[in-house]
>>> print(open('work.cif').read())   # mmCIF, C-alpha atoms
data_final
loop_
_atom_site.label_atom_id
_atom_site.label_comp_id
_atom_site.auth_asym_id
_atom_site.auth_seq_id
_atom_site.Cartn_x
_atom_site.Cartn_y
_atom_site.Cartn_z
CA MET A 15 -5.18 -39.57 -7.29
CA SER A 16 -7.03 -36.80 -5.44
CA THR A 17 -5.01 -34.12 -3.66
CA THR A 18 -7.98 -32.18 -2.34
CA PRO A 19 -10.44 -32.53 0.54
CA ALA A 20 -14.11 -33.25 0.19
CA ALA A 21 -15.96 -31.15 -2.37
CA ASP A 22 -18.56 -30.03 0.19
CA VAL A 23 -15.81 -28.39 2.28
CA ILE A 24 -14.25 -26.66 -0.73
CA ALA A 25 -17.64 -25.30 -1.78
CA SER A 26 -18.10 -23.28 1.42
CA PRO A 27 -17.47 -19.49 1.43
CA ILE A 28 -13.73 -18.75 1.35
CA ASP A 29 -13.78 -16.44 4.37
CA SER A 30 -16.06 -18.44 6.68
CA PRO A 31 -14.65 -20.46 9.60
CA LEU A 32 -14.73 -24.22 9.26
CA THR A 33 -17.83 -25.69 10.83
CA ASP A 34 -17.57 -28.62 13.20
CA ALA A 35 -19.31 -30.82 10.61
CA GLU A 36 -16.73 -29.83 7.99
CA VAL A 37 -13.87 -30.57 10.36
CA ARG A 38 -15.26 -34.01 11.05
CA ARG A 39 -15.49 -34.60 7.31
CA LEU A 40 -11.88 -33.52 6.85
CA ARG A 41 -10.77 -35.85 9.63
CA GLN A 42 -11.72 -38.81 7.47
CA ASP A 43 -8.74 -37.92 5.28
CA PHE A 44 -6.34 -38.44 8.22
CA PRO A 45 -6.08 -42.15 9.12
CA ILE A 46 -4.07 -41.59 12.31
CA LEU A 47 -6.89 -39.58 13.86
CA GLY A 48 -8.91 -42.77 14.11
CA VAL A 49 -6.49 -44.61 16.40
CA GLU A 50 -6.80 -45.05 20.16
CA VAL A 51 -4.17 -44.08 22.73
CA ASN A 52 -4.29 -45.55 26.22
CA GLY A 53 -7.81 -46.80 25.57
CA HIS A 54 -9.12 -43.41 24.45
CA PRO A 55 -9.68 -41.92 20.99
CA LEU A 56 -6.62 -39.88 20.06
CA ALA A 57 -7.05 -36.14 20.58
CA TYR A 58 -4.04 -34.72 18.76
CA LEU A 59 -3.20 -31.28 20.11
CA ASP A 60 0.48 -31.22 19.14
CA SER A 61 0.31 -29.94 15.56
CA GLY A 62 2.62 -27.05 16.46
CA ALA A 63 5.38 -29.64 16.73
CA THR A 64 4.38 -31.95 13.85
CA SER A 65 1.13 -32.01 11.93
CA GLN A 66 -0.63 -35.12 10.71
CA ARG A 67 -0.83 -36.04 7.01
CA PRO A 68 -3.91 -36.62 4.90
CA LEU A 69 -4.19 -39.55 2.51
CA ALA A 70 -3.59 -37.23 -0.43
CA VAL A 71 -0.10 -36.47 0.87
CA LEU A 72 0.70 -40.07 1.73
CA ASP A 73 -0.53 -41.16 -1.68
CA ALA A 74 1.44 -38.48 -3.55
CA GLU A 75 4.75 -39.61 -2.09
CA ARG A 76 3.95 -43.26 -2.69
CA GLU A 77 2.82 -42.63 -6.26
CA PHE A 78 6.05 -40.80 -7.06
CA ALA A 79 8.11 -43.64 -5.58
CA THR A 80 6.22 -46.30 -7.52
CA THR A 81 5.87 -44.56 -10.90
CA LEU A 82 8.45 -41.74 -11.28
CA ASN A 83 11.38 -42.36 -8.98
CA ALA A 84 14.60 -41.17 -10.65
CA ALA A 85 17.45 -38.69 -10.12
CA VAL A 86 16.34 -35.18 -11.01
CA HIS A 87 18.39 -32.68 -13.04
CA ARG A 88 20.80 -35.45 -13.98
CA GLY A 89 19.59 -38.30 -16.18
CA ALA A 90 18.75 -37.83 -19.86
CA HIS A 91 16.25 -40.68 -19.94
CA THR A 92 12.47 -40.21 -19.98
CA LEU A 93 11.84 -41.15 -16.35
CA ALA A 94 14.46 -38.69 -15.10
CA GLY A 95 12.91 -35.95 -17.22
CA GLU A 96 9.45 -36.64 -15.86
CA ALA A 97 10.73 -36.76 -12.28
CA THR A 98 12.49 -33.42 -12.79
CA GLU A 99 9.30 -31.87 -14.13
CA VAL A 100 7.27 -33.01 -11.13
CA PHE A 101 10.03 -31.85 -8.76
CA GLU A 102 10.07 -28.37 -10.29
CA ASP A 103 6.27 -28.23 -10.34
CA ALA A 104 6.42 -28.76 -6.57
CA ARG A 105 8.77 -25.79 -6.26
CA ALA A 106 6.32 -23.66 -8.23
CA THR A 107 3.50 -24.77 -5.92
CA VAL A 108 5.41 -23.59 -2.84
CA ALA A 109 6.22 -20.31 -4.56
CA ARG A 110 2.57 -19.59 -5.42
CA PHE A 111 1.50 -20.46 -1.88
CA ILE A 112 3.67 -17.72 -0.34
CA GLY A 113 3.55 -15.17 -3.16
CA ALA A 114 7.05 -15.74 -4.54
CA ASP A 115 8.60 -16.68 -7.88
CA GLU A 116 9.68 -20.29 -8.29
CA GLY A 117 13.31 -19.23 -8.77
CA GLU A 118 13.20 -17.78 -5.26
CA ILE A 119 12.46 -21.11 -3.53
CA VAL A 120 15.37 -23.25 -2.32
CA TRP A 121 14.71 -26.79 -1.08
CA THR A 122 16.17 -27.63 2.32
CA SER A 123 15.80 -30.51 4.76
CA ASN A 124 13.92 -28.30 7.22
CA ALA A 125 13.61 -24.71 8.35
CA THR A 126 16.64 -25.04 10.63
CA GLU A 127 18.83 -25.84 7.63
CA ALA A 128 17.28 -22.91 5.77
CA VAL A 129 18.23 -20.45 8.53
CA ASN A 130 21.74 -21.89 8.68
CA LEU A 131 22.02 -21.63 4.89
CA VAL A 132 21.52 -17.87 5.12
CA ALA A 133 23.73 -17.45 8.18
CA TYR A 134 26.62 -19.45 6.71
CA GLY A 135 26.20 -17.71 3.36
CA ILE A 136 26.64 -14.37 5.12
CA SER A 137 29.63 -15.81 6.96
CA ASN A 138 31.21 -16.91 3.68
CA ALA A 139 30.58 -13.47 2.20
CA SER A 140 32.23 -11.93 5.24
CA LEU A 141 35.32 -14.03 4.49
CA GLY A 142 35.48 -12.53 1.02
CA ARG A 143 33.67 -15.26 -0.89
CA GLY A 144 31.25 -14.23 -3.62
CA GLY A 145 33.19 -11.26 -4.92
CA ALA A 146 31.78 -7.78 -5.30
CA ALA A 147 28.19 -9.06 -5.60
CA ALA A 148 28.34 -10.42 -2.03
CA GLU A 149 29.62 -7.18 -0.54
CA ARG A 150 26.15 -6.29 0.73
CA PHE A 151 26.20 -9.34 3.06
CA ARG A 152 29.59 -8.77 4.66
CA ILE A 153 29.55 -8.06 8.37
CA GLY A 154 32.22 -7.75 11.01
CA GLN A 155 33.21 -5.84 14.13
CA GLY A 156 30.99 -2.84 14.68
CA ASP A 157 28.08 -4.40 12.80
CA GLU A 158 24.99 -5.75 14.52
CA ILE A 159 22.55 -8.63 14.04
CA VAL A 160 19.15 -8.24 15.73
CA THR A 161 16.80 -10.99 16.81
CA THR A 162 14.22 -11.31 19.59
CA GLU A 163 13.89 -12.84 23.03
CA MET A 164 11.01 -15.07 21.88
CA GLU A 165 12.78 -16.91 19.05
CA HIS A 166 12.88 -20.66 18.56
CA HIS A 167 16.47 -21.81 19.07
CA ALA A 168 16.69 -22.46 15.32
CA ASN A 169 16.35 -18.72 14.71
CA LEU A 170 18.72 -17.74 17.49
CA ILE A 171 21.71 -20.07 17.67
CA PRO A 172 22.74 -19.65 13.98
CA TRP A 173 22.96 -15.88 14.59
CA GLN A 174 24.93 -16.42 17.77
CA GLU A 175 27.37 -18.48 15.74
CA LEU A 176 27.51 -15.93 12.93
CA ALA A 177 28.32 -13.19 15.43
CA ALA A 178 31.07 -15.37 16.95
CA ARG A 179 32.59 -16.09 13.53
CA THR A 180 32.52 -12.53 12.25
CA GLY A 181 33.00 -10.37 15.33
CA ALA A 182 29.60 -8.74 14.88
CA THR A 183 27.38 -8.03 17.88
CA LEU A 184 24.12 -9.90 18.44
CA ARG A 185 21.41 -7.72 19.94
CA VAL A 186 18.05 -8.96 21.20
CA ILE A 187 14.70 -7.16 21.17
CA PRO A 188 13.30 -7.63 24.70
CA LEU A 189 9.80 -8.63 25.77
CA ASP A 190 7.40 -7.05 28.20
CA ASP A 191 6.03 -8.95 31.18
CA ASP A 192 3.27 -10.53 29.10
CA GLY A 193 5.75 -11.71 26.46
CA ALA A 194 5.02 -9.14 23.73
CA LEU A 195 7.84 -7.56 21.75
CA ARG A 196 8.79 -4.14 23.07
CA LEU A 197 8.58 -2.17 19.84
CA VAL A 198 9.89 1.05 21.36
CA ALA A 199 12.98 -0.83 22.46
CA ALA A 200 13.21 -2.40 19.00
CA ALA A 201 13.24 1.03 17.39
CA GLU A 202 16.09 2.01 19.70
CA LEU A 203 18.05 -1.17 18.96
CA ILE A 204 17.68 -1.10 15.18
CA GLY A 205 20.06 1.54 13.89
CA ASP A 206 22.78 2.35 11.41
CA ARG A 207 24.91 -0.58 12.59
CA THR A 208 22.11 -3.10 12.08
CA LYS A 209 22.80 -5.33 9.09
CA PHE A 210 20.37 -8.18 9.62
CA ILE A 211 17.15 -8.83 11.54
CA ALA A 212 15.71 -12.31 12.24
CA VAL A 213 12.22 -12.57 13.69
CA THR A 214 9.46 -15.12 14.07
CA HIS A 215 6.11 -14.41 12.44
CA VAL A 216 4.16 -16.41 15.04
CA SER A 217 5.63 -17.40 18.39
CA ASN A 218 5.65 -21.17 18.87
CA VAL A 219 5.03 -20.62 22.59
CA LEU A 220 2.75 -17.59 22.78
CA GLY A 221 0.73 -18.20 19.61
CA VAL A 222 0.59 -14.46 18.84
CA ILE A 223 1.08 -13.04 15.36
CA ASN A 224 3.90 -10.52 15.60
CA PRO A 225 3.70 -7.05 14.00
CA VAL A 226 6.22 -7.96 11.32
CA GLU A 227 5.32 -4.98 9.14
CA GLU A 228 6.50 -2.57 11.85
CA LEU A 229 9.83 -4.38 12.26
CA VAL A 230 10.35 -4.50 8.49
CA ALA A 231 9.71 -0.75 8.32
CA MET A 232 12.39 -0.22 10.97
CA ALA A 233 14.77 -2.39 8.95
CA ARG A 234 14.10 -0.51 5.73
CA ARG A 235 14.92 2.82 7.36
CA VAL A 236 18.47 1.63 8.06
CA GLY A 237 19.00 -0.65 5.06
CA ALA A 238 18.96 -3.91 7.05
CA LEU A 239 17.88 -7.27 5.66
CA VAL A 240 15.07 -9.29 7.30
CA LEU A 241 14.60 -13.05 7.69
CA LEU A 242 11.17 -14.28 8.73
CA ASP A 243 10.64 -17.56 10.57
CA ALA A 244 7.33 -18.63 9.04
CA CYS A 245 7.21 -22.13 10.53
CA GLN A 246 4.18 -21.34 12.68
CA SER A 247 2.49 -19.00 10.19
CA ALA A 248 2.75 -20.72 6.79
CA PRO A 249 0.61 -23.69 7.98
CA HIS A 250 -2.05 -21.53 9.61
CA LEU A 251 -2.36 -18.13 7.90
CA PRO A 252 -2.43 -16.69 4.40
CA LEU A 253 1.23 -15.80 3.81
CA ASP A 254 2.50 -13.30 1.23
CA VAL A 255 6.23 -12.64 1.47
CA ARG A 256 5.99 -9.80 -1.04
CA ALA A 257 3.30 -8.01 0.96
CA LEU A 258 5.33 -8.45 4.14
CA ASP A 259 8.41 -7.15 2.26
CA VAL A 260 10.80 -9.61 3.94
CA ASP A 261 14.07 -10.58 2.27
CA PHE A 262 14.17 -14.20 3.39
CA ALA A 263 11.61 -16.59 4.89
CA VAL A 264 11.81 -20.20 6.06
CA LEU A 265 9.16 -22.88 6.42
CA SER A 266 9.02 -26.55 7.37
CA GLY A 267 6.95 -29.20 5.59
CA HIS A 268 6.16 -31.41 8.56
CA LYS A 269 4.26 -28.60 10.28
CA MET A 270 1.92 -28.07 7.30
CA LEU A 271 0.53 -31.54 6.53
CA GLY A 272 3.71 -32.54 4.69
CA PRO A 273 6.40 -35.13 5.38
CA SER A 274 9.50 -34.67 7.51
CA GLY A 275 12.82 -34.06 5.79
CA ILE A 276 11.63 -31.19 3.60
CA GLY A 277 11.64 -27.44 4.12
CA ALA A 278 12.11 -24.36 2.00
CA LEU A 279 13.94 -21.07 1.98
CA TYR A 280 12.49 -18.05 0.22
CA GLY A 281 14.96 -15.39 -0.79
CA ARG A 282 14.59 -12.36 -3.02
CA ARG A 283 16.04 -13.34 -6.38
CA GLU A 284 18.70 -10.61 -6.41
CA LEU A 285 19.83 -11.64 -2.92
CA LEU A 286 20.07 -15.34 -3.76
CA GLU A 287 22.08 -14.43 -6.86
CA ALA A 288 24.60 -12.60 -4.68
CA LEU A 289 24.72 -14.90 -1.64
CA PRO A 290 27.64 -17.40 -1.59
CA PRO A 291 26.58 -21.04 -1.18
CA PHE A 292 26.65 -22.91 2.12
CA LEU A 293 26.72 -26.57 1.06
CA THR A 294 28.84 -27.48 -1.96
CA GLY A 295 29.29 -30.54 -4.14
CA GLY A 296 27.44 -32.12 -7.04
CA SER A 297 24.41 -30.66 -8.82
CA MET A 298 25.12 -27.03 -7.87
CA ILE A 299 28.00 -26.36 -10.27
CA THR A 300 28.66 -25.53 -13.91
CA THR A 301 32.41 -26.10 -14.28
CA VAL A 302 34.83 -27.80 -11.90
CA THR A 303 38.61 -28.13 -12.02
CA THR A 304 40.91 -29.55 -9.38
CA THR A 305 41.46 -26.05 -7.98
CA GLU A 306 38.18 -24.17 -8.38
CA ALA A 307 34.50 -24.33 -9.31
CA GLU A 308 31.83 -22.15 -10.86
CA TYR A 309 28.33 -22.35 -9.43
CA LEU A 310 24.90 -22.54 -10.99
CA PRO A 311 22.43 -19.68 -10.57
CA PRO A 312 19.95 -19.97 -7.69
CA PRO A 313 18.03 -21.89 -6.57
CA GLN A 314 20.18 -24.83 -7.73
CA ARG A 315 23.29 -23.08 -6.38
CA PHE A 316 22.06 -23.93 -2.89
CA GLU A 317 20.91 -27.50 -3.59
CA ALA A 318 24.05 -29.60 -3.43
CA GLY A 319 23.73 -33.37 -3.71
CA THR A 320 20.73 -35.62 -4.14
CA GLN A 321 17.53 -33.79 -3.35
CA ARG A 322 14.44 -34.69 -1.32
CA VAL A 323 12.34 -35.35 -4.37
CA SER A 324 9.46 -37.48 -3.10
CA GLN A 325 9.21 -35.26 -0.01
CA ALA A 326 8.96 -32.15 -2.19
CA VAL A 327 6.20 -33.76 -4.23
CA ALA A 328 4.35 -34.66 -1.03
CA LEU A 329 4.74 -31.12 0.31
CA ALA A 330 3.19 -29.78 -2.87
CA ALA A 331 0.25 -32.15 -2.33
CA ALA A 332 -0.07 -30.82 1.23
CA ILE A 333 -0.15 -27.26 -0.06
CA ASP A 334 -2.77 -28.19 -2.63
CA TYR A 335 -4.86 -29.66 0.20
CA LEU A 336 -4.49 -26.55 2.37
CA SER A 337 -5.26 -24.27 -0.55
CA ALA A 338 -8.38 -26.23 -1.40
CA VAL A 339 -9.71 -25.86 2.14
CA GLY A 340 -8.68 -22.20 2.08
CA MET A 341 -6.08 -20.53 4.27
CA PRO A 342 -8.49 -17.76 5.36
CA ARG A 343 -10.90 -20.42 6.58
CA ILE A 344 -8.15 -22.27 8.42
CA ALA A 345 -6.98 -19.02 10.01
CA ALA A 346 -10.49 -18.18 11.20
CA HIS A 347 -10.95 -21.71 12.56
CA GLU A 348 -7.74 -21.52 14.55
CA ALA A 349 -8.21 -17.98 15.79
CA ALA A 350 -11.49 -19.10 17.37
CA PHE A 351 -9.83 -22.13 18.95
CA GLY A 352 -6.89 -20.08 20.18
CA ARG A 353 -9.27 -17.77 22.00
CA ARG A 354 -11.29 -20.76 23.28
CA LEU A 355 -8.14 -22.30 24.74
CA VAL A 356 -6.98 -19.05 26.32
CA ASP A 357 -10.36 -18.24 27.84
CA GLY A 358 -11.00 -21.78 29.05
CA LEU A 359 -7.58 -22.29 30.59
CA THR A 360 -7.32 -18.86 32.26
CA ALA A 361 -10.66 -19.52 33.93
CA ILE A 362 -9.07 -22.41 35.84
CA ASP A 363 -7.62 -21.41 39.20
CA GLY A 364 -3.84 -21.79 39.22
CA VAL A 365 -3.36 -21.82 35.43
CA ARG A 366 -1.30 -19.12 33.75
CA VAL A 367 -1.56 -18.94 29.96
CA LEU A 368 1.63 -17.48 28.54
CA GLY A 369 0.94 -14.38 26.48
CA ALA A 370 -2.73 -14.27 27.40
CA GLY A 371 -2.55 -10.52 27.98
CA ILE A 372 -1.00 -9.68 24.59
CA ASP A 373 -3.41 -7.67 22.46
CA LEU A 374 -2.52 -9.23 19.11
CA PRO A 375 -4.23 -11.74 16.80
CA ARG A 376 -3.30 -15.35 17.51
CA VAL A 377 -3.32 -18.81 16.02
CA GLY A 378 -4.83 -21.89 17.63
CA LEU A 379 -2.10 -22.43 20.18
CA ALA A 380 -1.80 -21.91 23.93
CA SER A 381 1.08 -22.67 26.30
CA PHE A 382 0.40 -22.63 30.00
CA ASP A 383 1.92 -23.15 33.41
CA VAL A 384 0.07 -24.82 36.27
CA ASP A 385 1.03 -23.55 39.69
CA GLY A 386 2.77 -26.25 41.70
CA ILE A 387 2.55 -28.96 39.01
CA HIS A 388 5.35 -29.69 36.56
CA SER A 389 4.47 -29.50 32.88
CA HIS A 390 5.59 -33.11 32.40
CA ASP A 391 3.07 -34.26 35.01
CA VAL A 392 0.29 -32.29 33.34
CA GLY A 393 1.25 -33.76 29.98
CA GLN A 394 1.33 -37.29 31.38
CA TYR A 395 -2.12 -36.89 32.90
CA LEU A 396 -3.50 -35.68 29.57
CA ASP A 397 -1.73 -38.48 27.72
CA ASP A 398 -3.47 -41.01 29.95
CA LEU A 399 -6.71 -39.55 28.55
CA GLY A 400 -5.49 -39.91 24.97
CA ILE A 401 -4.74 -36.19 24.63
CA ALA A 402 -1.39 -35.43 22.94
CA VAL A 403 0.21 -32.12 23.92
CA ARG A 404 3.78 -30.81 24.03
CA VAL A 405 5.68 -30.27 27.29
CA GLY A 406 9.05 -28.65 27.99
CA HIS A 407 10.65 -25.40 26.86
CA HIS A 408 9.60 -25.85 23.21
CA CYS A 409 13.09 -24.89 21.99
CA ALA A 410 12.55 -21.40 23.43
CA GLN A 411 14.49 -21.28 26.69
CA PRO A 412 15.13 -17.50 26.67
CA LEU A 413 11.39 -16.82 26.37
CA HIS A 414 10.53 -19.15 29.24
CA ARG A 415 13.30 -17.65 31.34
CA ARG A 416 11.97 -14.14 30.67
CA LEU A 417 8.52 -15.24 31.84
CA GLY A 418 9.98 -16.75 35.00
CA ILE A 419 9.45 -20.44 34.30
CA THR A 420 11.51 -23.33 32.96
CA SER A 421 8.83 -25.20 31.01
CA SER A 422 5.20 -25.17 30.00
CA THR A 423 2.48 -27.35 28.52
CA ARG A 424 1.40 -26.47 24.97
CA ALA A 425 -1.82 -27.37 23.19
CA SER A 426 -1.83 -26.58 19.47
CA THR A 427 -4.70 -27.03 17.03
CA TYR A 428 -5.04 -27.37 13.27
CA LEU A 429 -7.73 -27.65 10.61
CA TYR A 430 -8.63 -31.16 11.83
CA THR A 431 -9.12 -30.18 15.48
CA THR A 432 -12.67 -30.31 16.84
CA GLU A 433 -14.41 -28.23 19.48
CA ASP A 434 -14.73 -31.36 21.61
CA GLU A 435 -10.97 -31.85 21.57
CA VAL A 436 -10.31 -28.28 22.65
CA ASP A 437 -12.81 -28.65 25.46
CA ALA A 438 -11.25 -31.99 26.42
CA VAL A 439 -7.90 -30.27 26.93
CA ILE A 440 -9.46 -27.65 29.18
CA ALA A 441 -11.35 -30.26 31.19
CA GLY A 442 -8.26 -32.45 31.33
CA VAL A 443 -6.15 -29.66 32.83
CA ALA A 444 -8.79 -29.06 35.48
CA GLY A 445 -8.80 -32.79 36.17
CA ALA A 446 -5.00 -32.87 36.43
CA ILE A 447 -5.04 -30.10 39.02
CA ASP A 448 -7.67 -31.90 41.07
CA PHE A 449 -5.74 -35.17 40.82
CA PHE A 450 -2.36 -33.85 41.87
CA ARG A 451 -3.70 -31.58 44.60
CA ARG A 452 -5.73 -34.37 46.12
CA GLY A 453 -2.62 -36.53 45.96
CA ALA A 454 -0.65 -33.89 47.77
#
>>> encode(input="work.cif", output="structure tokens")
Amino acid sequence: MSTTPAADVIASPIDSPLTDAEVRRLRQDFPILGVEVNGHPLAYLDSGATSQRPLAVLDAEREFATTLNAAVHRGAHTLAGEATEVFEDARATVARFIGADEGEIVWTSNATEAVNLVAYGISNASLGRGGAAAERFRIGQGDEIVTTEMEHHANLIPWQELAARTGATLRVIPLDDDGALRLVAAAELIGDRTKFIAVTHVSNVLGVINPVEELVAMARRVGALVLLDACQSAPHLPLDVRALDVDFAVLSGHKMLGPSGIGALYGRRELLEALPPFLTGGSMITTVTTTEAEYLPPPQRFEAGTQRVSQAVALAAAIDYLSAVGMPRIAAHEAAFGRRLVDGLTAIDGVRVLGAGIDLPRVGLASFDVDGIHSHDVGQYLDDLGIAVRVGHHCAQPLHRRLGITSSTRASTYLYTTEDEVDAVIAGVAGAIDFFRRGA
């Protein structure tokens, strides 16, 4: 079973953007990209929500289910041992991909669960669980948690809840009028009372790559811990959690060519060893009596119950596929398309691209508002042309509110997106404006 793309794509220079010919060759690995929608070839520009899966990923999950399916870390029989080995190999693959050790990767159902795992672990530590080792996580009245105004709800609401449970104060780094983080304000917010900072690496609305290194430096000056939401960066950029010096990071498989139902939490080993567990039950214990339990070391300490084994194997196949193409090449491909989207859409009268004025690198994503036309109407018009985009607030209501709108239309690219598809979005938006204004 092959887990890699075509050899001619792999053979190209590792730092060169993907050519259109290479993209079209890669597309042959994605069966869904050959379907028609509303009588038109599908142009899938919604990878920021969920990416499509190549045959290598579909085959990996099916092969596990048909040849190795068994409970991992439990059975003593041969099949269970082989399944466990493949499962742990998948963990090692994720670790290598982000520059971590395999003992620092915890399987979760998705990135949302991963964020909640950390937040509830801190909450449990604040209630006295975990003993002296967990003291570093304890927060309460007078302490502060810092996040930003651009966060996905999954990296905001868990911290709201943690603040409510512990009496800590949640503080929010504001944005300027373009949507960029106000770093001067961040430096003023992050102080001696700051215990934890949660920030997105790439905004799922603006598409900009945030200056994480500067925020981490602010955190280090006051001894705060940092969690990075890497959901929109891990699929699109080379990611090295050690180089970024973050304490925790979360990612989601379905955004990076993998299946749904699988995500991962990275945590520094010494932090995972001290953090009390969130979910408890079977498979994460050493000794249990009717009154108490002793827990396994991480990462198993945080993996209660039956795990997502075939999904983990498929995610590893997805990472192998991405690595074979080359993350620098994917990043260059998307940076070009991000700029193409921004330039093309801003040239249309009445279109406002959110974050267009931010002077930061970006991925291949653009969210926009069309004056006088609801995002749902724009999305429906594009859908009639076979173009799939995302409409709504993208689980980022505070960001939209700060920019003075309630919703937007988002086009997001990936390694299988072609120049023609990007141009079709731009032309489709112009067509939607003409259609609805003539109708008016």
>>> residues_near_point(input="work.cif", point="(13.6, -27.7, 9.7)", cutoff="8 Å", atoms="only C-alpha atoms", output="PyMOL selection string")
chain A and resi 122-128+265-267+275-277
>>> resolve_selection(input="work.cif", expression="the PyMOL selection byres ((chain A and resi 66) around 10)", output="list in words")
Phe44, Pro45, Ile46, Leu47, Tyr58, Asp60, Ser61, Thr64, Ser65, Arg67, Pro68, Leu69, Val71, His268, Lys269, Met270, Leu271, Gly272, Pro273, Tyr428 and Tyr430 of chain A
>>> write_last_selection(input="work.cif", atoms="C-alpha atoms", output="PDB file, in the frame of the given file")
ATOM      1  CA  PHE A  44      -6.340 -38.440   8.220  1.00  0.00           C
ATOM      2  CA  PRO A  45      -6.080 -42.150   9.120  1.00  0.00           C
ATOM      3  CA  ILE A  46      -4.070 -41.590  12.310  1.00  0.00           C
ATOM      4  CA  LEU A  47      -6.890 -39.580  13.860  1.00  0.00           C
ATOM      5  CA  TYR A  58      -4.040 -34.720  18.760  1.00  0.00           C
ATOM      6  CA  ASP A  60       0.480 -31.220  19.140  1.00  0.00           C
ATOM      7  CA  SER A  61       0.310 -29.940  15.560  1.00  0.00           C
ATOM      8  CA  THR A  64       4.380 -31.950  13.850  1.00  0.00           C
ATOM      9  CA  SER A  65       1.130 -32.010  11.930  1.00  0.00           C
ATOM     10  CA  ARG A  67      -0.830 -36.040   7.010  1.00  0.00           C
ATOM     11  CA  PRO A  68      -3.910 -36.620   4.900  1.00  0.00           C
ATOM     12  CA  LEU A  69      -4.190 -39.550   2.510  1.00  0.00           C
ATOM     13  CA  VAL A  71      -0.100 -36.470   0.870  1.00  0.00           C
ATOM     14  CA  HIS A 268       6.160 -31.410   8.560  1.00  0.00           C
ATOM     15  CA  LYS A 269       4.260 -28.600  10.280  1.00  0.00           C
ATOM     16  CA  MET A 270       1.920 -28.070   7.300  1.00  0.00           C
ATOM     17  CA  LEU A 271       0.530 -31.540   6.530  1.00  0.00           C
ATOM     18  CA  GLY A 272       3.710 -32.540   4.690  1.00  0.00           C
ATOM     19  CA  PRO A 273       6.400 -35.130   5.380  1.00  0.00           C
ATOM     20  CA  TYR A 428      -5.040 -27.370  13.270  1.00  0.00           C
ATOM     21  CA  TYR A 430      -8.630 -31.160  11.830  1.00  0.00           C
TER      22      TYR A 430
END
>>> closest_atom_pairs(input="work.cif", of="stretch 309-425 of chain A", to="stretch 178-197 of chain A", cutoff="8 Å", atoms="only C-alpha atoms", output="tab-separated table")
residue	atom	partner	partner_atom	distance
A:Leu368	CA	A:Asp192	CA	7.2
A:Gly369	CA	A:Asp192	CA	5.2
A:Ala370	CA	A:Asp192	CA	7.3
A:Gly371	CA	A:Asp192	CA	5.9
A:Ile372	CA	A:Ala194	CA	6.1
A:Leu413	CA	A:Gly193	CA	7.6
A:Arg416	CA	A:Leu189	CA	7.7
A:Leu417	CA	A:Asp191	CA	6.8
>>> closest_residue(input="work.cif", among="A:Val108, A:Ala328, A:Leu32, A:Ile362", to="A:Phe78", atoms="all atoms listed in the file")
A:Ala328
>>> residues_around(input="work.cif", residues="A:Gly142", least_positions_apart="4", cutoff="12 Å", atoms="all atoms listed in the file", output="compact mmCIF listing (two decimals) with C-alpha atoms, in the frame of the given file")
# COMPACT_ATOMS: atom_id res chain seq x y z
CA GLY A 135 26.20 -17.71 3.36
CA ILE A 136 26.64 -14.37 5.12
CA SER A 137 29.63 -15.81 6.96
CA ASN A 138 31.21 -16.91 3.68
CA ALA A 146 31.78 -7.78 -5.30
CA ALA A 147 28.19 -9.06 -5.60
CA ALA A 148 28.34 -10.42 -2.03
CA GLU A 149 29.62 -7.18 -0.54
CA ARG A 150 26.15 -6.29 0.73
CA PHE A 151 26.20 -9.34 3.06
CA ARG A 152 29.59 -8.77 4.66
CA ILE A 153 29.55 -8.06 8.37
CA GLY A 154 32.22 -7.75 11.01
CA THR A 180 32.52 -12.53 12.25
CA LEU A 289 24.72 -14.90 -1.64
CA PRO A 290 27.64 -17.40 -1.59
>>> resolve_selection(input="work.cif", expression="the PyMOL selection byres ((chain A and resi 335) around 9)", output="list in words")
Thr17, Thr18, Pro19, Pro68, Ala70, Val71, Leu271, Ala330, Ala331, Ala332, Ile333, Asp334, Leu336, Ser337, Ala338, Val339 and Gly340 of chain A
>>> resolve_selection(input="work.cif", expression="the PyMOL selection byres ((chain A and resi 31) around 6)", output="compact mmCIF listing (two decimals) with C-alpha atoms, in the coordinates of the input")
# COMPACT_ATOMS: atom_id res chain seq x y z
CA SER A 30 -16.06 -18.44 6.68
CA LEU A 32 -14.73 -24.22 9.26
CA ARG A 343 -10.90 -20.42 6.58
CA ALA A 346 -10.49 -18.18 11.20
CA HIS A 347 -10.95 -21.71 12.56
>>> residues_around(input="work.cif", residues="A:Pro311", least_positions_apart="3", cutoff="10 Å", atoms="only C-alpha atoms", output="ChimeraX atom specification")
/A:117,283,286-288,298-300,308,314-316
>>> closest_residue(input="work.cif", among="A:Gly113, A:Gly352, A:Gly205, A:Gly281", to="A:Arg256", atoms="only C-alpha atoms")
A:Gly113
>>> residues_around(input="work.cif", residues="stretch 399-407 of chain A", least_positions_apart="5", cutoff="6 Å", atoms="only C-alpha atoms", output="number ranges by chain")
A: 51-52, 54, 56-60, 389-390, 421-425
